[in-house]
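So this block is data05.pdb, PDB, C-alpha atoms:
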ATOM      1  CA  MET G  16     -32.134  -2.951 -84.556
ATOM      2  CA  ALA G  17     -29.560  -0.796 -82.808
ATOM      3  CA  SER G  18     -32.090   0.340 -80.233
ATOM      4  CA  ILE G  19     -33.034  -3.296 -79.463
ATOM      5  CA  LYS G  20     -29.394  -4.217 -78.867
ATOM      6  CA  CYS G  21     -29.111  -1.402 -76.370
ATOM      7  CA  LYS G  22     -32.254  -2.337 -74.442
ATOM      8  CA  ILE G  23     -31.270  -5.970 -73.801
ATOM      9  CA  PRO G  24     -28.086  -5.172 -71.831
ATOM     10  CA  GLU G  25     -29.949  -2.431 -69.943
ATOM     11  CA  SER G  26     -32.716  -4.889 -69.050
ATOM     12  CA  LEU G  27     -30.190  -7.474 -67.825
ATOM     13  CA  ALA G  28     -28.413  -4.840 -65.762
ATOM     14  CA  THR G  29     -31.714  -3.784 -64.197
ATOM     15  CA  CYS G  30     -32.622  -7.387 -63.354
ATOM     16  CA  ARG G  31     -29.199  -7.958 -61.870
ATOM     17  CA  PHE G  32     -29.527  -4.797 -59.775
ATOM     18  CA  VAL G  33     -33.002  -5.803 -58.525
ATOM     19  CA  MET G  34     -31.795  -9.312 -57.645
ATOM     20  CA  LEU G  35     -28.808  -7.943 -55.757
ATOM     21  CA  GLN G  36     -31.077  -5.574 -53.844
ATOM     22  CA  TRP G  37     -33.393  -8.435 -52.889
ATOM     23  CA  LEU G  38     -30.460 -10.572 -51.789
ATOM     24  CA  LYS G  39     -29.180  -7.647 -49.725
ATOM     25  CA  HIS G  40     -32.560  -7.202 -48.024
ATOM     26  CA  ILE G  41     -32.848 -10.937 -47.339
ATOM     27  CA  GLY G  42     -29.319 -10.997 -45.913
ATOM     28  CA  PHE G  43     -29.956  -8.036 -43.628
ATOM     29  CA  PHE G  44     -33.277  -9.493 -42.494
ATOM     30  CA  ALA G  45     -31.719 -12.885 -41.679
ATOM     31  CA  VAL G  46     -28.822 -11.341 -39.737
ATOM     32  CA  PHE G  47     -30.508  -8.401 -38.009
ATOM     33  CA  SER G  48     -33.640 -10.374 -37.091
ATOM     34  CA  ASN G  49     -31.333 -12.899 -35.343
ATOM     35  CA  ILE G  50     -32.568 -15.785 -37.480
ATOM     36  CA  PHE G  51     -29.004 -16.294 -38.710
ATOM     37  CA  ILE G  52     -27.451 -16.565 -35.233
ATOM     38  CA  SER G  53     -30.234 -19.004 -34.295
ATOM     39  CA  CYS G  54     -29.271 -21.137 -37.302
ATOM     40  CA  CYS G  55     -25.678 -21.001 -36.034
ATOM     41  CA  ALA G  56     -26.832 -22.479 -32.710
ATOM     42  CA  VAL G  57     -28.607 -25.293 -34.549
ATOM     43  CA  ALA G  58     -25.530 -25.935 -36.701
ATOM     44  CA  PHE G  59     -23.293 -26.214 -33.634
ATOM     45  CA  THR G  60     -25.786 -28.603 -31.993
ATOM     46  CA  LEU G  61     -25.740 -30.790 -35.099
ATOM     47  CA  THR G  62     -21.938 -30.729 -34.973
ATOM     48  CA  THR G  63     -22.145 -32.068 -31.408
ATOM     49  CA  PHE G  64     -24.466 -34.867 -32.495
ATOM     50  CA  ARG G  65     -22.124 -35.783 -35.345
ATOM     51  CA  LEU G  66     -18.892 -35.731 -33.348
ATOM     52  CA  LEU G  67     -20.321 -37.643 -30.381
ATOM     53  CA  SER G  68     -22.293 -40.317 -32.209
ATOM     54  CA  GLY G  69     -21.192 -40.144 -35.825
ATOM     55  CA  LYS G  70     -24.817 -39.412 -36.773
ATOM     56  CA  LEU G  71     -27.121 -36.444 -37.166
ATOM     57  CA  PHE G  72     -30.280 -36.350 -35.042
ATOM     58  CA  PHE G  73     -33.133 -34.103 -36.139
ATOM     59  CA  SER G  74     -35.148 -33.894 -32.937
ATOM     60  CA  PRO G  75     -37.462 -31.227 -31.438
ATOM     61  CA  LEU G  76     -34.439 -30.121 -29.392
ATOM     62  CA  LEU G  77     -33.103 -28.377 -32.501
ATOM     63  CA  LEU G  78     -36.306 -26.339 -32.777
ATOM     64  CA  LEU G  79     -36.105 -25.535 -29.060
ATOM     65  CA  ILE G  80     -32.527 -24.272 -29.413
ATOM     66  CA  PHE G  81     -33.442 -22.280 -32.527
ATOM     67  CA  SER G  82     -36.515 -20.639 -31.004
ATOM     68  CA  GLY G  83     -34.876 -20.100 -27.605
ATOM     69  CA  THR G  84     -31.858 -18.422 -29.197
ATOM     70  CA  LEU G  85     -34.114 -16.298 -31.408
ATOM     71  CA  PHE G  86     -36.225 -15.142 -28.449
ATOM     72  CA  ILE G  87     -33.259 -14.259 -26.224
ATOM     73  CA  TYR G  88     -31.351 -12.414 -28.935
ATOM     74  CA  ILE G  89     -34.382 -10.402 -30.027
ATOM     75  CA  LEU G  90     -34.977  -9.465 -26.391
ATOM     76  CA  GLN G  91     -31.348  -8.348 -26.065
ATOM     77  CA  ARG G  92     -31.543  -6.273 -29.248
ATOM     78  CA  MET G  93     -34.795  -4.623 -28.188
ATOM     79  CA  PHE G  94     -33.221  -3.391 -24.942
ATOM     80  CA  PRO G  95     -29.593  -2.757 -25.918
ATOM     81  CA  GLY G  96     -28.681  -0.186 -23.282
ATOM     82  CA  ALA G  97     -27.784   3.471 -23.576
ATOM     83  CA  SER G  98     -24.242   3.315 -24.955
ATOM     84  CA  PRO G  99     -23.770   5.091 -28.322
ATOM     85  CA  ASP G 100     -22.228   2.039 -30.010
ATOM     86  CA  VAL G 101     -25.545   0.221 -29.914
ATOM     87  CA  GLN G 102     -27.954   3.140 -30.066
ATOM     88  CA  ASN G 103     -26.479   4.342 -33.372
ATOM     89  CA  SER G 104     -25.650   0.948 -34.869
ATOM     90  CA  ALA G 105     -26.947  -0.251 -38.232
ATOM     91  CA  MET G 106     -28.825  -3.042 -36.455
ATOM     92  CA  GLN G 107     -30.679  -0.653 -34.136
ATOM     93  CA  LEU G 108     -31.662   1.552 -37.062
ATOM     94  CA  TRP G 109     -32.956  -1.547 -38.851
ATOM     95  CA  ILE G 110     -34.793  -2.728 -35.725
ATOM     96  CA  SER G 111     -36.529   0.649 -35.395
ATOM     97  CA  GLN G 112     -38.127   0.017 -38.808
ATOM     98  CA  TYR G 113     -39.209  -3.571 -38.129
ATOM     99  CA  THR G 114     -40.048  -3.523 -34.429
ATOM    100  CA  LYS G 115     -43.519  -5.066 -34.821
ATOM    101  CA  ILE G 116     -42.196  -7.919 -36.967
ATOM    102  CA  LEU G 117     -39.472  -8.666 -34.403
ATOM    103  CA  TRP G 118     -41.914  -8.680 -31.504
ATOM    104  CA  GLY G 119     -44.075 -11.060 -33.509
ATOM    105  CA  LEU G 120     -41.096 -13.357 -34.128
ATOM    106  CA  ALA G 121     -40.158 -13.172 -30.436
ATOM    107  CA  GLY G 122     -43.696 -14.133 -29.404
ATOM    108  CA  ILE G 123     -43.813 -17.100 -31.757
ATOM    109  CA  ALA G 124     -40.324 -18.208 -30.658
ATOM    110  CA  PHE G 125     -41.303 -18.000 -26.975
ATOM    111  CA  PHE G 126     -44.420 -20.136 -27.364
ATOM    112  CA  VAL G 127     -42.618 -22.709 -29.538
ATOM    113  CA  ALA G 128     -39.731 -22.962 -27.059
ATOM    114  CA  THR G 129     -42.125 -23.246 -24.111
ATOM    115  CA  GLY G 130     -44.168 -25.950 -25.831
ATOM    116  CA  ILE G 131     -41.054 -28.059 -26.435
ATOM    117  CA  PHE G 132     -39.544 -27.313 -23.014
ATOM    118  CA  LEU G 133     -42.450 -28.538 -20.880
ATOM    119  CA  PRO G 134     -42.378 -32.253 -21.894
ATOM    120  CA  LEU G 135     -38.576 -32.510 -21.614
ATOM    121  CA  PRO G 136     -36.943 -34.693 -18.940
ATOM    122  CA  GLY G 137     -36.129 -32.973 -15.648
ATOM    123  CA  GLN G 138     -32.345 -32.875 -16.199
ATOM    124  CA  GLU G 139     -32.701 -31.074 -19.506
ATOM    125  CA  GLN G 140     -35.181 -28.609 -17.999
ATOM    126  CA  VAL G 141     -32.814 -27.819 -15.108
ATOM    127  CA  LEU G 142     -29.931 -27.160 -17.520
ATOM    128  CA  ILE G 143     -32.113 -24.904 -19.677
ATOM    129  CA  VAL G 144     -33.157 -22.923 -16.599
ATOM    130  CA  ILE G 145     -29.481 -22.503 -15.609
ATOM    131  CA  ILE G 146     -28.671 -21.299 -19.130
ATOM    132  CA  ALA G 147     -31.613 -18.860 -18.997
ATOM    133  CA  ILE G 148     -30.488 -17.460 -15.625
ATOM    134  CA  ILE G 149     -26.931 -16.817 -16.863
ATOM    135  CA  THR G 150     -28.273 -15.260 -20.060
ATOM    136  CA  ILE G 151     -30.634 -12.926 -18.219
ATOM    137  CA  ALA G 152     -27.898 -11.927 -15.749
ATOM    138  CA  TYR G 153     -25.592 -11.263 -18.709
ATOM    139  CA  SER G 154     -28.002  -8.995 -20.569
ATOM    140  CA  PHE G 155     -30.111  -7.285 -17.904
ATOM    141  CA  PRO G 156     -29.466  -5.910 -14.364
ATOM    142  CA  VAL G 157     -32.454  -7.852 -13.029
ATOM    143  CA  LEU G 158     -30.945 -10.677 -10.997
ATOM    144  CA  LEU G 159     -27.905  -8.597 -10.036
ATOM    145  CA  LYS G 160     -27.370  -4.844  -9.697
ATOM    146  CA  PHE G 161     -25.219  -4.961 -12.823
ATOM    147  CA  ARG G 162     -25.022  -6.882 -16.091
ATOM    148  CA  LEU G 163     -22.413  -9.606 -16.523
ATOM    149  CA  ARG G 164     -21.625  -8.114 -19.927
ATOM    150  CA  ASP G 165     -20.262  -5.021 -18.138
ATOM    151  CA  LEU G 166     -17.450  -7.012 -16.494
ATOM    152  CA  GLY G 167     -14.916  -6.294 -19.223
ATOM    153  CA  ALA G 168     -12.981  -9.252 -20.622
ATOM    154  CA  ILE G 169     -14.726 -11.671 -18.241
ATOM    155  CA  LYS G 170     -17.876 -11.332 -20.332
ATOM    156  CA  TYR G 171     -16.318 -13.515 -23.063
ATOM    157  CA  LEU G 172     -16.241 -16.403 -20.611
ATOM    158  CA  PHE G 173     -19.961 -16.076 -19.877
ATOM    159  CA  ILE G 174     -20.808 -15.987 -23.587
ATOM    160  CA  ALA G 175     -18.662 -19.063 -24.239
ATOM    161  CA  LEU G 176     -20.172 -20.823 -21.205
ATOM    162  CA  VAL G 177     -23.762 -20.258 -22.353
ATOM    163  CA  TRP G 178     -23.035 -21.388 -25.907
ATOM    164  CA  SER G 179     -21.105 -24.447 -24.711
ATOM    165  CA  LEU G 180     -23.853 -25.480 -22.305
ATOM    166  CA  THR G 181     -26.498 -24.963 -24.989
ATOM    167  CA  THR G 182     -24.801 -26.643 -27.946
ATOM    168  CA  VAL G 183     -22.797 -29.337 -26.134
ATOM    169  CA  MET G 184     -24.183 -30.251 -22.720
ATOM    170  CA  LEU G 185     -27.866 -29.993 -23.671
ATOM    171  CA  PRO G 186     -27.473 -32.292 -26.715
ATOM    172  CA  VAL G 187     -25.373 -34.644 -24.558
ATOM    173  CA  LEU G 188     -28.212 -34.979 -22.042
ATOM    174  CA  HIS G 189     -30.616 -35.457 -24.939
ATOM    175  CA  LEU G 190     -28.504 -38.386 -26.148
ATOM    176  CA  ASP G 191     -28.418 -39.821 -22.599
ATOM    177  CA  HIS G 192     -24.640 -39.518 -22.394
ATOM    178  CA  ASN G 193     -22.745 -38.865 -19.183
ATOM    179  CA  LEU G 194     -21.768 -35.184 -18.886
ATOM    180  CA  LEU G 195     -18.395 -36.177 -17.431
ATOM    181  CA  GLU G 196     -17.378 -38.537 -20.242
ATOM    182  CA  GLN G 197     -13.981 -37.783 -21.718
ATOM    183  CA  ASP G 198     -15.407 -37.137 -25.189
ATOM    184  CA  VAL G 199     -17.939 -34.705 -23.786
ATOM    185  CA  LEU G 200     -15.377 -32.752 -21.772
ATOM    186  CA  PHE G 201     -13.102 -32.508 -24.802
ATOM    187  CA  LEU G 202     -15.946 -31.225 -26.954
ATOM    188  CA  PHE G 203     -17.030 -28.768 -24.270
ATOM    189  CA  ALA G 204     -13.480 -27.369 -24.108
ATOM    190  CA  GLU G 205     -13.324 -27.108 -27.909
ATOM    191  CA  ARG G 206     -16.632 -25.284 -28.116
ATOM    192  CA  PHE G 207     -15.696 -22.955 -25.250
ATOM    193  CA  LEU G 208     -12.407 -21.993 -26.922
ATOM    194  CA  PHE G 209     -13.900 -21.523 -30.379
ATOM    195  CA  ILE G 210     -16.743 -19.303 -29.146
ATOM    196  CA  THR G 211     -14.265 -17.251 -27.114
ATOM    197  CA  ALA G 212     -12.019 -16.822 -30.167
ATOM    198  CA  ILE G 213     -14.800 -15.454 -32.389
ATOM    199  CA  THR G 214     -16.316 -13.336 -29.596
ATOM    200  CA  ILE G 215     -13.169 -11.412 -28.629
ATOM    201  CA  PRO G 216     -12.953  -9.438 -31.931
ATOM    202  CA  PHE G 217     -16.499  -8.084 -31.509
ATOM    203  CA  ASP G 218     -15.243  -5.343 -29.203
ATOM    204  CA  ILE G 219     -12.975  -4.034 -31.972
ATOM    205  CA  ARG G 220     -15.977  -2.600 -33.790
ATOM    206  CA  ASP G 221     -16.877  -0.457 -30.752
ATOM    207  CA  VAL G 222     -13.426   0.912 -29.990
ATOM    208  CA  ARG G 223     -14.212   4.319 -31.495
ATOM    209  CA  TYR G 224     -17.144   4.661 -29.076
ATOM    210  CA  ASP G 225     -15.406   3.097 -26.093
ATOM    211  CA  GLN G 226     -12.589   5.644 -26.330
ATOM    212  CA  GLN G 227     -15.106   8.197 -25.114
ATOM    213  CA  SER G 228     -16.071   6.082 -22.118
ATOM    214  CA  LEU G 229     -14.018   5.552 -18.977
ATOM    215  CA  LYS G 230     -16.416   2.872 -17.718
ATOM    216  CA  ASN G 231     -16.298   0.501 -20.669
ATOM    217  CA  ARG G 232     -12.704  -0.746 -20.661
ATOM    218  CA  THR G 233     -12.801  -3.450 -23.320
ATOM    219  CA  LEU G 234      -9.801  -5.499 -24.453
ATOM    220  CA  PRO G 235      -9.058  -3.312 -27.497
ATOM    221  CA  MET G 236      -9.105  -0.280 -25.202
ATOM    222  CA  THR G 237      -6.827  -1.939 -22.666
ATOM    223  CA  ILE G 238      -4.290  -3.814 -24.797
ATOM    224  CA  GLY G 239      -4.920  -2.415 -28.292
ATOM    225  CA  ILE G 240      -6.559  -3.823 -31.427
ATOM    226  CA  GLU G 241      -3.588  -5.859 -32.662
ATOM    227  CA  SER G 242      -2.972  -7.436 -29.264
ATOM    228  CA  THR G 243      -6.673  -8.263 -29.060
ATOM    229  CA  LYS G 244      -6.416 -10.034 -32.413
ATOM    230  CA  ARG G 245      -3.319 -11.924 -31.283
ATOM    231  CA  LEU G 246      -5.219 -13.099 -28.195
ATOM    232  CA  ALA G 247      -8.044 -14.338 -30.436
ATOM    233  CA  TYR G 248      -5.481 -16.149 -32.630
ATOM    234  CA  SER G 249      -4.003 -17.809 -29.550
ATOM    235  CA  VAL G 250      -7.401 -19.012 -28.339
ATOM    236  CA  LEU G 251      -8.157 -20.270 -31.860
ATOM    237  CA  ALA G 252      -4.871 -22.181 -31.867
ATOM    238  CA  GLY G 253      -5.821 -23.627 -28.482
ATOM    239  CA  PHE G 254      -9.090 -24.817 -30.003
ATOM    240  CA  PHE G 255      -7.265 -26.690 -32.747
ATOM    241  CA  MET G 256      -4.753 -28.229 -30.340
ATOM    242  CA  VAL G 257      -7.537 -29.538 -28.097
ATOM    243  CA  SER G 258      -9.408 -30.808 -31.178
ATOM    244  CA  PHE G 259      -6.290 -32.617 -32.389
ATOM    245  CA  VAL G 260      -5.678 -34.281 -29.007
ATOM    246  CA  HIS G 261      -9.378 -35.173 -28.846
ATOM    247  CA  GLN G 262      -9.317 -36.823 -32.265
ATOM    248  CA  LEU G 263      -6.013 -38.526 -31.470
ATOM    249  CA  THR G 264      -7.525 -39.951 -28.289
ATOM    250  CA  LEU G 265     -10.601 -41.203 -30.145
ATOM    251  CA  GLY G 266      -8.657 -42.658 -33.050
ATOM    252  CA  PHE G 267      -9.911 -39.919 -35.400
ATOM    253  CA  VAL G 268     -13.692 -40.221 -35.535
ATOM    254  CA  GLY G 269     -14.664 -39.651 -39.140
ATOM    255  CA  GLY G 270     -11.053 -39.997 -40.197
ATOM    256  CA  TRP G 271      -8.463 -37.420 -41.148
ATOM    257  CA  PRO G 272     -10.920 -35.451 -43.339
ATOM    258  CA  VAL G 273     -12.760 -34.316 -40.184
ATOM    259  CA  LEU G 274      -9.535 -33.029 -38.642
ATOM    260  CA  ILE G 275      -8.643 -31.352 -41.938
ATOM    261  CA  GLY G 276     -12.111 -29.776 -41.909
ATOM    262  CA  LEU G 277     -11.497 -28.411 -38.420
ATOM    263  CA  PHE G 278      -8.126 -27.097 -39.545
ATOM    264  CA  GLY G 279      -9.810 -25.442 -42.528
ATOM    265  CA  THR G 280     -12.291 -23.806 -40.172
ATOM    266  CA  VAL G 281      -9.416 -22.430 -38.102
ATOM    267  CA  GLY G 282      -7.707 -21.058 -41.213
ATOM    268  CA  ILE G 283     -10.778 -19.274 -42.558
ATOM    269  CA  THR G 284     -11.730 -17.971 -39.109
ATOM    270  CA  TYR G 285      -8.172 -16.671 -38.692
ATOM    271  CA  LEU G 286      -8.512 -14.692 -41.930
ATOM    272  CA  THR G 287     -11.888 -13.342 -40.832
ATOM    273  CA  ILE G 288     -10.383 -12.067 -37.579
ATOM    274  CA  TYR G 289      -7.305 -10.755 -39.429
ATOM    275  CA  PHE G 290      -9.430  -8.524 -41.673
ATOM    276  CA  THR G 291     -11.507  -7.281 -38.749
ATOM    277  CA  ASN G 292     -11.050  -3.617 -37.854
ATOM    278  CA  SER G 293     -12.906  -0.764 -36.176
ATOM    279  CA  THR G 294     -14.404   0.354 -39.504
ATOM    280  CA  SER G 295     -15.796  -3.064 -40.462
ATOM    281  CA  SER G 296     -19.563  -3.000 -40.840
ATOM    282  CA  GLU G 297     -21.794  -4.530 -38.198
ATOM    283  CA  PHE G 298     -23.005  -6.977 -40.839
ATOM    284  CA  TYR G 299     -19.398  -8.181 -41.276
ATOM    285  CA  TYR G 300     -19.148  -9.140 -37.617
ATOM    286  CA  LEU G 301     -22.591 -10.685 -37.359
ATOM    287  CA  PHE G 302     -22.374 -12.641 -40.608
ATOM    288  CA  TYR G 303     -18.736 -13.648 -41.058
ATOM    289  CA  LEU G 304     -17.615 -14.096 -37.444
ATOM    290  CA  ASP G 305     -20.838 -15.719 -36.250
ATOM    291  CA  GLY G 306     -20.986 -17.630 -39.521
ATOM    292  CA  ALA G 307     -17.808 -19.454 -38.508
ATOM    293  CA  MET G 308     -20.115 -21.735 -36.489
ATOM    294  CA  ILE G 309     -22.006 -22.800 -39.613
ATOM    295  CA  LEU G 310     -18.695 -23.062 -41.450
ATOM    296  CA  GLN G 311     -17.388 -25.503 -38.835
ATOM    297  CA  PHE G 312     -20.514 -27.645 -39.182
ATOM    298  CA  LEU G 313     -20.172 -27.739 -42.974
ATOM    299  CA  MET G 314     -16.456 -28.576 -42.793
ATOM    300  CA  VAL G 315     -17.056 -31.409 -40.307
ATOM    301  CA  GLU G 316     -19.910 -32.739 -42.441
ATOM    302  CA  ALA G 317     -17.703 -32.652 -45.524
ATOM    303  CA  GLY G 318     -15.107 -34.654 -43.581
ATOM    304  CA  PHE G 319     -17.651 -37.338 -42.664
ATOM    305  CA  LEU G 320     -18.957 -37.551 -46.225
ATOM    306  CA  LEU G 321     -15.535 -37.920 -47.841
TER     307      LEU G 321
END
Represent the supplied structure as structure tokens.
Amino acid sequence: MASIKCKIPESLATCRFVMLQWLKHIGFFAVFSNIFISCCAVAFTLTTFRLLSGKLFFSPLLLLIFSGTLFIYILQRMFPGASPDVQNSAMQLWISQYTKILWGLAGIAFFVATGIFLPLPGQEQVLIVIIAIITIAYSFPVLLKFRLRDLGAIKYLFIALVWSLTTVMLPVLHLDHNLLEQDVLFLFAERFLFITAITIPFDIRDVRYDQQSLKNRTLPMTIGIESTKRLAYSVLAGFFMVSFVHQLTLGFVGGWPVLIGLFGTVGITYLTIYFTNSTSSEFYYLFYLDGAMILQFLMVEAGFLL
């Protein structure tokens, strides 16, 4: 009997360990394959639908944004550049083991995105082409003799611009709204500020590599880690102020719970940035900081459902 009592706890411990290992592998696959960041893009698009119309629209546009984001991000990860911060990163080591799977995902994503893109109205196609041009110029020295991502702190503005065009202006065109409507401009500003706030801390993880480079003068290298965080906090505060004025102007669409949800998003995102440092794992940045987009969607949805 004594031996049986010992085996049961050992068996449970083994099962728990195996489950945790599977969850870990699934988590790494979702994040490092860029499926997670593609889900973030979809979540932000749904947030736009909800805040502009009070409803959620599940249209092929969501699949286009998901597959387009997946294709572009995989392409970026496959050709990361020669800097040591990316060559030796956990993601690049993971990618080296699953290269064929990623190329397969990229191929599927490309054909799905192309199939949805072709029947779209002309305005939406033009905007998608503009987004693609900025994205290519940001990641590869093809259209220009340099990459936009090499322009120091200015690169945050290009990232925020692409995400704002993709998850705000594209859904707006899809809903047949005017791009210059007050609500749309407010939402564009909110999205731009929020993306900027969660993008700024990403350079903190590379500060130990950037210290060896005179070319890559990132914000943490120029003004220090703590000042970089304070800048991100300020941009995050700007996001909430614009959101508050926006809701005040509209008469609080969805009621106070939506504004409280946005405030909750700011609070949790603040804590995520606060605990960011140069030794934080790559998974931390890619899951928790990028995950703030999904968090915002969930908080807004909770506000509408209350």
In terms of the shortest atom-to-atom distance over all atoms listed in the file, which of G:Thr63, G:Asn49, G:Asn292, G:Thr182 is closest to G:Pro235?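 Checking each candidate against G:Pro235, we get G:Asn292 as the closest.
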Could you tell me which of G:Leu180, G:Ala168, G:Ile149, G:Ile80 comes closest to G:Met236 if we count only C-alpha atoms?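 With only C-alpha atoms as the atom set, the closest residue is G:Ala168.
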What's the separation between atom CA of G:Arg162 and atom CA of G:Thr214, in Å to one decimal place?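 For atom CA of G:Arg162 relative to atom CA of G:Thr214, the distance reads 17.3 Å.
Here atom CA of G:Phe201 and atom CA of G:Val260 stand 8.7 Å from one another.
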Take the PyMOL selection byres ((chain G and resi 54-60) around 6), run it mentally on this structure, and tell me the resulting residues as a PyMOL selection string. chain G and resi 51-53+61-63+77+182+308-309+312
Taking all atoms of stretch 76-92 of chain G that appear in the file, build a box with edges along x, y and z, extend it by 4 Å on every side, and state its centre and edge lengths in Å to one decimal, as AutoDock Vina command-line options.
--center_x -33.9 --center_y -18.2 --center_z -29.4 --size_x 13.2 --size_y 31.8 --size_z 14.7
Ranking G:Ser82, G:Phe203, G:Phe173, G:Arg220 by minimum distance to G:Thr294 and counting all atoms listed in the file, which one comes first? G:Arg220
Need the shell around G:Thr181: protein/DNA/RNA residues with any atom at most 9 Å away, counting all atoms listed in the file. Skip same-chain ones fewer than 4 positions apart. Format as a PyMOL selection string? chain G and resi 56+60+80+142-143+146+176-177+185-186
So, with all atoms listed in the file as the atoms that count, which of G:Met106, G:Ile50, G:Ala128, G:Ile238 lies closest to G:Gly83?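 Once distances to G:Gly83 are computed over all atoms listed in the file, the minimum belongs to G:Ala128.
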